[in-house]
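Taking it in order: structure first as structure tokens, then the write-up.
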Amino acid sequence: MNGDEARKVAEKIAAFSFNADVQDRALALYVNSQLFRLAMPAFRKLLHAGMTRPLADALLAHKHQSLALALFPLFAQHCVQHYTPQIQAYRDIVRAVDLSSPHEWYSMARSLSRRIVYHAGPTNSGKTYEALQAMRAASSGVYCGPLRLLAMEVYDELNALGTLCDLITGQERKEVPGAQHLACTVEMVPLGRRVDVAIIDEIQMLGDESRGWAWTRALLGVPANEIHICGDGSAIALVTRLANAMGEQLEVRNYERFKPLRLEEGGLEGGYQDVQPGDCVVAFNRRHIYNIKQTIEVTTGHRVCVVYGALPPEMRRMQARLFNEPDSGYDVLVASDAIGMGLNLNIRRIIFHTLTKGTRNGRDVVDIPASQMKQIAGRAGRRSSEYDEGLVTCRDARDIPRLRAALDMPMSALATPAAGLFPEFDQLEAFAGKMLGESYAHILERFALEARLDGPYFYCKQEQVLRAARLLAEVADLSMMERFHFCNAPANLQEAEGCEQLLRFADSYAARQPVVLQQTEHSGSIKVPVSPEQLRQLEGIHSVVNCWIWLSNRFAETPESFPDRDRALAFSEELIDAMSDGLQAMYGPTAALRSKGMQGSAFKSLMGGDVDFSGPSKAALKKPKLLRAA
């Protein structure tokens with residue numbers, strides 16, 4: 001070849017090596033970008049070294065695209081001959097991170113001809129009741145709920161009705177002799193236990209950015225002849241698509257509210273002194289909840305229960321029972337968005353304190369989503385209550401237009417677009433096997449980057465798990481499974497105490513020493529909190545105890561690792577009793593008036609200055625409580 005021909009041949013080979021189609025074809029053969037950058041220069045060098053006149057003529061005769069087709073088989077052969085171990089390793093990784101057809105992970109479910117029934121309707125439409133009736137009529141069943149509270153409620157109700165039922169949550173395992181039914185939190189549903197009927201409650205949660213994977217896993221993998229899913233209609237299109245992918249029959253049953261929901265346009269004209277029995281004020285800040293409770297009790301004489309997320313589930317349940325019981329003396333509720341799911345409450349009217357809430361970083365304020373407003377508002381006017389209708393309003397009348405727009409928004413505008421996914425442990429383990437020496441946090445990060453998702457799926461955020469993985473990075477001698485459990489434990493990593501205790505638990509377990517719950521050393525000496533700070537401290541201690549109990553369930557096969565479980569459970573109950581007594585002692589009707597002359601602006605200062613308070617009138621203080629209708 002002359003110099004001009006040699007230059008053109010070199011250009012042709014260079015064009016081949018940078019052709020995007022060639023790189024895509026290589027990836028299909030499990031030659032990833034890193035291996036491509038290694039293999040292609042060697043292939044080009046091989047071509048130049050073995051160049052012959054016929055080969056040069058063939059290269060010069062081809063245009064760029066046809067050249068790619070002609071040379072690629074030679075490049076593929078070169079890769080297979082020289083890089084088989086790297087190709088095999090990448091193939092194994094790709095298979096581990098392939099989340100494109102997650103329904104194929106669950107062979108037991110796929111072996112059944114499952115029938116799916118979607119009970120679609122707003123809150124208080126009877127959809128979950130109908131699903132539970134189907135489960136009770138079956139010889140075996142499982143109920144999957146979004147919260148411990150709901151699972152506990154179903155467990156209690158089914159057993160009270162004579163349908164023997166077990167309970168499994170992260171913290172509880174209660175077995176009833178002869179039970180063929182199970183109530184569990186959705187993360188805990190056993191996929192190796194075949195049943196006649198399964199219920200998956202709040203199905204629209206499969207679109208939740210953090211927990212959605214649990215609903216997707218249950219829907220795709222629960223081995224039941226019949227699956228009843230309950231929720232609003234926002235997920236109908238998505239569930240239809242998933243059912244079609246699984247080749248399963250789907251029936252949609254639509255429900256309407258038993259009682260109408262009416263918007264009160266004027267807000268609370270007189271502030272919280274206008275609160276009446278059966279009302280529930282919803283606030284999104286813990287301090288606001290306490291302040292509102294005091295304001296209502298001082299200005300109206302009503303006794304107020306509180307429900308918010310940091311309270312242990314047992315306390316939330318206790319407060320809900322006090323509110324629901326006509327003769328308890330408690331007839332008003334102040335709650336966070338924790339009431340949006342789970343608690344069965346006898347609410348006459350929902351009152352939104354505000355339509356914004358702070359973010360987790362504590363620096364930003366965001367609007368409450370329309371879907372959440374609809375969910376919370378729908379808690380008013382329960383089917384079995386004495387109220388003819390449910391009412392909803394805002395403390396501030398200026399928020400009414402936003403609330404009205406949310407309530408009027410059609411379900412089609414709130415459609416759940418995709419289902420969350422997170423890998424099964426076996427997939428993470430297989431992926432980690434190709435990344436020996438890497439930290440668990442790095443493995444999780446890499447998996448998220450390389451995961452292959454197709455169609456109606458997204459990869460769930462796992463910020464809590466990643467934070468725990470980084471915290472425990474220096475803890476040696478933990479197996480992959482053990483590290484998986486510790487990183488998924490419900491520790492409060494927003495607080496230093498939660499981080500410190502989780503690290504101590506993991507260190508003790510890794511050293512094969514008993515994981516001692518030091519907090520139980522104070523058993524029998526817990527004092528009723530008399531300040532918000534003391535109450536917060538007890539909530540923090542309970543969070544640590546709750547985490548320890550959760551871990552003791554995960555390592556139940558080695559009970560010596562988590563000794564004195566009964567003592568921990570008793571201590572948890574002691575904490576709950578003390579916190580319950582403290583709530584009323586601090587925020588009861590007389591607590592705010594203990595200091596002489598604390599009225600008007602002084603009381604408003606106590607309230608933090610952010611609660612609309614106009615001072616109790618004599619008429620308001622003397623006004624008798626409204627009696628619940630018989």
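By order in the structure tokens, chains are A, B, ...; within a chain, residues start at 1; ligands start at 1, following the order shown.
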
Which range 423-519 of chain A residues have any atom within 7 Å of an atom of range 530-549 of chain A, and for each, what is the nearest pair of atoms with distance in Å to one decimal, counting only C-alpha atoms, rows sorted by chain and number, as a tab-separated table?
```
residue	atom	partner	partner_atom	distance
A:Ala489	CA	A:Cys547	CA	6.2
A:Pro490	CA	A:Cys547	CA	5.4
A:Ala491	CA	A:Cys547	CA	5.6
A:Asn492	CA	A:Ser543	CA	6.8
A:Gly498	CA	A:Val544	CA	6.4
```

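Scanning range 337-477 of chain A with DSSP on the backbone, the strand (DSSP E or B) assignments fall on Ile347, Arg349, Ile350, Ile351, Phe352, Thr356, Lys357, Gly358, Val365, Val366, Asp367, Ala380, Gly390, Leu391, Val392, Thr393, Cys394, Ala419, Gly420, Leu421, Arg452, Tyr457, Phe458 and Tyr459 of chain A.
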
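Counting only C-alpha atoms and comparing A:Ser66, A:Gln34, A:Gln171, A:Thr52, the residue that lies closest to Lys12 in chain A is A:Ser66.
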
Using 12 Å as the limit and counting only C-alpha atoms, can you tabulate each residue of range 369-469 of chain A that touches range 204-212 of chain A, with its shortest atom-to-atom distance in Å and the two atoms involved, as a Markdown table?
```
| residue | atom | partner | partner_atom | distance |
| --- | --- | --- | --- | --- |
| A:Ser371 | CA | A:Gln204 | CA | 10.4 |
| A:Gln372 | CA | A:Met205 | CA | 11.6 |
| A:Gln375 | CA | A:Gln204 | CA | 11.4 |
| A:Met411 | CA | A:Gln204 | CA | 11.5 |
| A:Leu414 | CA | A:Gln204 | CA | 10.1 |
| A:Ala415 | CA | A:Gln204 | CA | 8.8 |
| A:Thr416 | CA | A:Gly207 | CA | 5.8 |
| A:Pro417 | CA | A:Gly207 | CA | 7.2 |
| A:Ala418 | CA | A:Gly207 | CA | 5.8 |
| A:Ala419 | CA | A:Gly207 | CA | 5.0 |
| A:Gly420 | CA | A:Gly212 | CA | 4.5 |
| A:Leu421 | CA | A:Gly212 | CA | 6.9 |
| A:Phe422 | CA | A:Gly212 | CA | 8.7 |
| A:Pro456 | CA | A:Gly207 | CA | 10.1 |
| A:Tyr457 | CA | A:Gly207 | CA | 9.0 |
| A:Phe458 | CA | A:Glu209 | CA | 8.4 |
| A:Tyr459 | CA | A:Glu209 | CA | 8.0 |
| A:Cys460 | CA | A:Ser210 | CA | 5.1 |
| A:Lys461 | CA | A:Ser210 | CA | 4.9 |
| A:Gln462 | CA | A:Ser210 | CA | 6.2 |
| A:Glu463 | CA | A:Ser210 | CA | 8.4 |
| A:Gln464 | CA | A:Ser210 | CA | 9.5 |
| A:Val465 | CA | A:Ser210 | CA | 10.6 |
```

Counting only C-alpha atoms, what is within 8 Å of range 159-163 of chain A, bar same-chain residues fewer than 2 positions away, as a JSON list (two decimals) with N, CA, C and O atoms, in the first residue's frame?
```json
[["chain", "number", "residue", "atom", "x", "y", "z"],
["A", 136, "ARG", "N", -61.81, -13.58, 55.37],
["A", 136, "ARG", "CA", -62.41, -14.36, 56.45],
["A", 136, "ARG", "C", -63.13, -15.59, 55.93],
["A", 136, "ARG", "O", -63.15, -16.64, 56.59],
["A", 155, "TYR", "N", -55.38, -7.99, 63.30],
["A", 155, "TYR", "CA", -55.11, -9.16, 64.17],
["A", 155, "TYR", "C", -56.14, -9.23, 65.30],
["A", 155, "TYR", "O", -56.73, -10.28, 65.56],
["A", 156, "ASP", "N", -56.36, -8.11, 65.97],
["A", 156, "ASP", "CA", -57.32, -8.08, 67.09],
["A", 156, "ASP", "C", -58.74, -8.36, 66.61],
["A", 156, "ASP", "O", -59.48, -9.16, 67.22],
["A", 157, "GLU", "N", -59.14, -7.71, 65.52],
["A", 157, "GLU", "CA", -60.53, -7.84, 65.06],
["A", 157, "GLU", "C", -60.83, -9.25, 64.56],
["A", 157, "GLU", "O", -61.89, -9.80, 64.86],
["A", 165, "CYS", "N", -55.92, -15.79, 63.95],
["A", 165, "CYS", "CA", -54.99, -15.02, 63.12],
["A", 165, "CYS", "C", -53.68, -14.79, 63.87],
["A", 165, "CYS", "O", -53.68, -14.45, 65.05],
["A", 179, "ALA", "N", -54.13, -21.13, 63.94],
["A", 179, "ALA", "CA", -54.42, -20.02, 63.01],
["A", 179, "ALA", "C", -53.95, -20.35, 61.60],
["A", 179, "ALA", "O", -52.84, -20.85, 61.40],
["A", 181, "HIS", "N", -54.68, -17.78, 59.29],
["A", 181, "HIS", "CA", -54.65, -16.43, 58.75],
["A", 181, "HIS", "C", -53.52, -15.64, 59.43],
["A", 181, "HIS", "O", -53.11, -15.95, 60.54]]
```

Quiz item: Would you give me, as a ChimeraX atom specification, the residues in range 149-377 of chain A that DSSP reads as alpha helix (DSSP H)?
Solution: /A:149-160,212-221,236-246,286-300,313-324,370-377

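Closest to Ser479 in chain A among A:Val97, A:Leu47, A:Ala510, A:Ala568 is A:Ala510, based on only C-alpha atoms.
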
Exercise. For Ser111 in chain A, please output as a PyMOL selection string all residues within 12 Å (counting only C-alpha atoms; exclusion window: fewer than 6 positions along the same chain).
Key: chain A and resi 103-105+194+221-225+246-248

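Proximity of A:Met481, A:Ala109, A:Leu147, A:Gln494 to Pro312 in chain A, computed with only C-alpha atoms, is greatest for A:Leu147.
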
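The shell of residues at most 7 Å from range 256-260 of chain A, with only C-alpha atoms counted and near chain neighbours (fewer than 6 positions) removed, consists of A:Gly121, A:Pro122, A:Asn124, A:Ser125, A:Gly381, A:Arg383, A:Asp388, A:Glu389, A:Gly390.
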
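Taking CA of Pro410 in chain A and CA of His228 in chain A as endpoints, the distance between them is 23.6 Å.
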